[in-house]
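Worksheet for the structure shown next.
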Amino acid sequence: MEDDKIIDLYWARSQQAITASEEKYGPYCAAIARRILDREEDAEECVNDTWLRAWNAMPPQRPSILSAFFGKLTRNLSLDRWRRNKAAKRGGSQVEVALHELEDCLPDRRRPDEELEARETAALISAFLRRQPELERKLFIRRYFHLESLEDLGRRFGLSAGQVKSKLHQTRQKLRAELEREGVAV
């Protein structure tokens, strides 16, 4: 089913919207959730919660890219679940490693008055990524948004894990320098 038709179903408050979403985007959302969460049950629950969040968001929201909308919902729900699980039991995981790698080039956003600065920083990061070569941009997004492992990225792009790690490091260094030039405290 076409994305516009799925969105129309949400707007019409038809239960078919959830069925169509699951059929078309269930595997995509499940892959995102599984990369973040260790337990299959947690991943399944986050995917199911994605459809509920979508149901509550449409209307009034009308996503322009449905896959990105569902992907972001799933990712955020999975990260929230991961944080809750991590609080319950400490330990290192793929998600923790990827997020730790980004710490050096992102500002601290703990203060509530930084919402505007966070949006401006996000816009700077997006603009920065659009100017990067396609491979570096894809590696960055797949590592830090989709949270893919270095090994998976290497297989996907025909590189060794070390080459991926090196390219990501170089991109993070360039991002950090750009943010500092723009006056963002990192």
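Residue numbers start at 1 in each chain; chains themselves are named A, B, ... in the order of the structure tokens; ligands are numbered from 1 in the order shown.
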
>> List as a list in words the protein and nucleic acid residues near Gly26 of chain A, meaning an atom at most 9 Å away when only C-alpha atoms are counted, but skip any in the same chain fewer than 4 places from it.
In response: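 Using only C-alpha atoms, the neighbours found are Ser21, Glu22, Ala30, Ala31, Val47 and Asn48 of chain A.
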
>> Let me make sure I understand: among A:Arg131, A:Lys24, A:Lys72, A:Arg137, which one has the smallest atom-to-atom distance to Glu2 of chain A if we use only C-alpha atoms?
In response: A:Lys24

>> Can you tell me which residues surround Leu135 of chain A at a distance of at most 12 Å, considering only C-alpha atoms, apart from same-chain residues fewer than 3 positions away, and format the answer as a list in words?
In response: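 So, after excluding close chain neighbours, the residues are Leu129, Arg130, Arg131, Gln132, Lys138, Leu139, Phe140, Ile141, Arg142, Arg143, Leu153, Gly154, Arg156, Phe157, Gly158, Leu159, Gln163, Val164, Lys167, Leu168 and Thr171 of chain A.
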
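Between atom CA of Pro59 of chain A and atom CA of Tyr10 of chain A lies a distance of 7.2 Å.
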
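Among the candidates A:Leu77, A:Ile125, A:Ile32, A:Ala98, the one nearest to His169 of chain A when counting only C-alpha atoms is A:Ala98.
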
> So how many Å separate atom CA of Ala161 of chain A and atom CA of Ala177 of chain A, to one decimal?
Replying inline: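 Those two atoms sit 24.3 Å apart.
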
> If you run DSSP on this backbone, which residues of segment 11-156 of chain A come out as helix (DSSP H, G or I), and could you give them as a count of residues only?
Replying inline: 112

>> For a test of reading the model, state the distance in Å between atom CA of Glu44 of chain A and atom CA of Arg13 of chain A, rounded to one decimal.
In response: 23.1 Å

>> Which residue is closest to Ala33 of chain A? Choose from A:Leu79, A:Ile18, A:Leu179, A:Ala185 and count only C-alpha atoms.
In response: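 Distance minimum relative to Ala33 of chain A lands on A:Leu79.
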
>> For a quick check of understanding, using only C-alpha atoms, which of A:Arg75, A:Lys5, A:Arg81, A:Arg62 has the smallest distance to Glu41 of chain A?
In response: A:Arg81

>> Give me, as a VMD selection string, all polymer residues having an atom no more than 9 Å from Gly71 of chain A, counting only C-alpha atoms and skipping those fewer than 5 positions away in the same chain.
In response: chain A and resid 25 28 to 29 32 50 66 76 146
